[in-house]
Amino acid sequence: MASTLNSPPIPQECFTKNGISHERDSAVAKVNLTIDENHVIEGARDVLKVIRPQWNSNDIKFKLFTDGITNKLVGCFHDAEHHNGSNSSPEAFVKANKFNNNKISDVVLIRIYGNKTDLLIDRKAETRNIKLLHRYGFAPRLYATFCNGLAYEYVPGRTLNVDTVTNPEIWPLVARQMARMHKINLEETGSDKEPMLFGKMQQFFKLVPKKFTDPKKQEKFNELFPSLETLYSDFNSLYKHLKQTESPIVFCHNDLLLGNVIYTEEEQKVTFIDYEYAACNFQGFDIGNHFTEYGGIDEIDYARYPSKEYQWSWLREYLKEYLAPKAVTEQDIKQLYITVNKFALASHYFWTIWALIQAEHSTIDFDFMIFGYTRYAEYLAKKDAFLGLSS
């Protein structure tokens, strides 16, 4: 089901009457600074001095977010009106004002990369992707980059969770937004047109330590996993099978976990954030990966993996946007359903190996070894059934 579709239109509000996009061409500051992950507030202040020099340092409030398991994120806003005599928390103040009036004129999010994540991620490509996707209305505006992170626009709304992701008012928005992203002309991305999955997995396997520095982690690996050689061989066999699906190569987010989808109720829209892994890839991987994230992160329950009936409705909504103006047939949905579930296996494998790397290098208090095993166990549990799907 090869795609010959055109890119979605660039939002008209990006243009002046002369056809020049100020948002597209707006400068992104480069700050020569490395933020200590143990002193993120101090580092955030230094970034703000460059990109928001008009802000009074005494009136800046910060909110630390704890949803991520690899990066650290801090929200920054200027609260000149409420600085004196107010004991309200940043959370309460933000909720009360909703960033919709003049009391808060600007909000900046500053993300500090996790330790050694540059081994996994092409940061130049990430910056390029965010700027491109903001141009199309898919991503927040990028304000600045620094040595170990970036600063970008706050998008008002709520990140999805295991309950809201199945809300009938929300999931069609996600399906349509993903379809629009998948229609971006690959020529404009500046990235390799080869699907990233195989190359990225080869990179990941090379980064998994032959022996973990922590003996307890090595013991746990030996207990939970087969040898690294066996994992490598198994993935290569899976990849050969997946190539036979002939899933279209499109521009993918590749990490659409629930926390990376923001729902803005007032506007009835969703925005995707965190494009660290965005690249050309198989269409089936992006959708299958999203479906595996219905299980959650902190308390994973794969009983929440979407049913066939739910997937059928979701994929119909996706294809109505992706194939437009062509009519969607039941065969289109069936073929995509088969492809998506097979690539869900690749998603589990991808994050399994990723977690093994994080187990060695990350300084965040999270059991990556158990997370990786949970993904691997689900891969094993669904492997025969999903690979057995046939049209």
# chains A, B, ... in the order shown; residues from 1 in each chain; ligands from 1
call {"tool": "residues_around", "arguments": {"residues": "Ile112 (chain A)", "least_positions_apart": "5", "cutoff": "7 Å", "atoms": "only C-alpha atoms", "output": "list in words"}}
result
Glu37, Asn71, Lys72, Leu73, Asn148, Gly149 and Leu150 of chain A
call {"tool": "residues_around", "arguments": {"residues": "His241 (chain A)", "least_positions_apart": "3", "cutoff": "12 Å", "atoms": "only C-alpha atoms", "output": "MDAnalysis selection string"}}
result
chainID A and resid 234:238 244:247 339 342:343 345:346 383 386:389
call {"tool": "residues_around", "arguments": {"residues": "Lys269 (chain A)", "least_positions_apart": "3", "cutoff": "10 Å", "atoms": "only C-alpha atoms", "output": "PyMOL selection string"}}
result
chain A and resi 157+169-170+172-174+177+262-266
call {"tool": "residues_around", "arguments": {"residues": "Ile300 (chain A)", "least_positions_apart": "2", "cutoff": "12 Å", "atoms": "only C-alpha atoms", "output": "MDAnalysis selection string"}}
result
chainID A and resid 161:162 292:298 302:305 370:375 377:378
call {"tool": "atom_distance", "arguments": {"atom1": "CA of Tyr143 (chain A)", "atom2": "CA of Val28 (chain A)"}}
result
5.2 Å
call {"tool": "select_by_dssp", "arguments": {"residues": "region 201-285 of chain A", "states": "helix (DSSP H, G or I)", "output": "PyMOL selection string"}}
result
chain A and resi 201-207+215-224+228-243+258-260+265-267+283-285
call {"tool": "write_last_selection", "arguments": {"atoms": "C-alpha atoms", "output": "short mmCIF file (atom, residue, chain, number, x, y, z; two decimals), in the first residue's frame"}}
result
data_model
loop_
_atom_site.label_atom_id
_atom_site.label_comp_id
_atom_site.auth_asym_id
_atom_site.auth_seq_id
_atom_site.Cartn_x
_atom_site.Cartn_y
_atom_site.Cartn_z
CA MET A 201 18.42 -1.36 16.22
CA GLN A 202 21.89 -2.21 14.94
CA GLN A 203 23.14 0.88 16.77
CA PHE A 204 21.28 -0.13 19.93
CA PHE A 205 22.67 -3.65 19.97
CA LYS A 206 26.21 -2.29 19.77
CA LEU A 207 25.53 -0.07 22.78
CA PRO A 215 26.97 -6.84 39.16
CA LYS A 216 23.36 -6.91 40.38
CA LYS A 217 22.15 -5.69 37.01
CA GLN A 218 24.27 -8.31 35.26
CA GLU A 219 22.77 -10.98 37.49
CA LYS A 220 19.26 -9.74 36.71
CA PHE A 221 20.01 -9.71 32.97
CA ASN A 222 21.25 -13.30 33.10
CA GLU A 223 18.10 -14.29 34.97
CA LEU A 224 15.59 -12.56 32.69
CA LEU A 228 22.62 -10.83 23.56
CA GLU A 229 23.55 -12.93 20.53
CA THR A 230 20.21 -14.73 20.73
CA LEU A 231 18.33 -11.44 21.01
CA TYR A 232 20.18 -10.08 17.98
CA SER A 233 19.46 -13.14 15.87
CA ASP A 234 15.80 -13.17 16.88
CA PHE A 235 15.31 -9.52 15.95
CA ASN A 236 16.92 -10.03 12.55
CA SER A 237 14.47 -12.86 11.86
CA LEU A 238 11.58 -10.65 12.94
CA TYR A 239 12.77 -7.83 10.69
CA LYS A 240 12.89 -10.10 7.63
CA HIS A 241 9.28 -11.01 8.28
CA LEU A 242 8.24 -7.39 8.75
CA LYS A 243 9.81 -6.27 5.48
CA LEU A 258 0.70 8.68 25.96
CA GLY A 259 2.77 11.38 27.66
CA ASN A 260 3.84 12.66 24.25
CA GLU A 265 -9.99 20.51 25.03
CA GLU A 266 -10.91 24.11 24.24
CA GLU A 267 -9.64 23.72 20.68
CA GLN A 283 3.93 3.30 8.83
CA GLY A 284 3.01 0.15 10.73
CA PHE A 285 5.67 0.76 13.36
#
call {"tool": "atom_distance", "arguments": {"atom1": "CA of Glu187 (chain A)", "atom2": "CA of Asp332 (chain A)"}}
result
25.8 Å
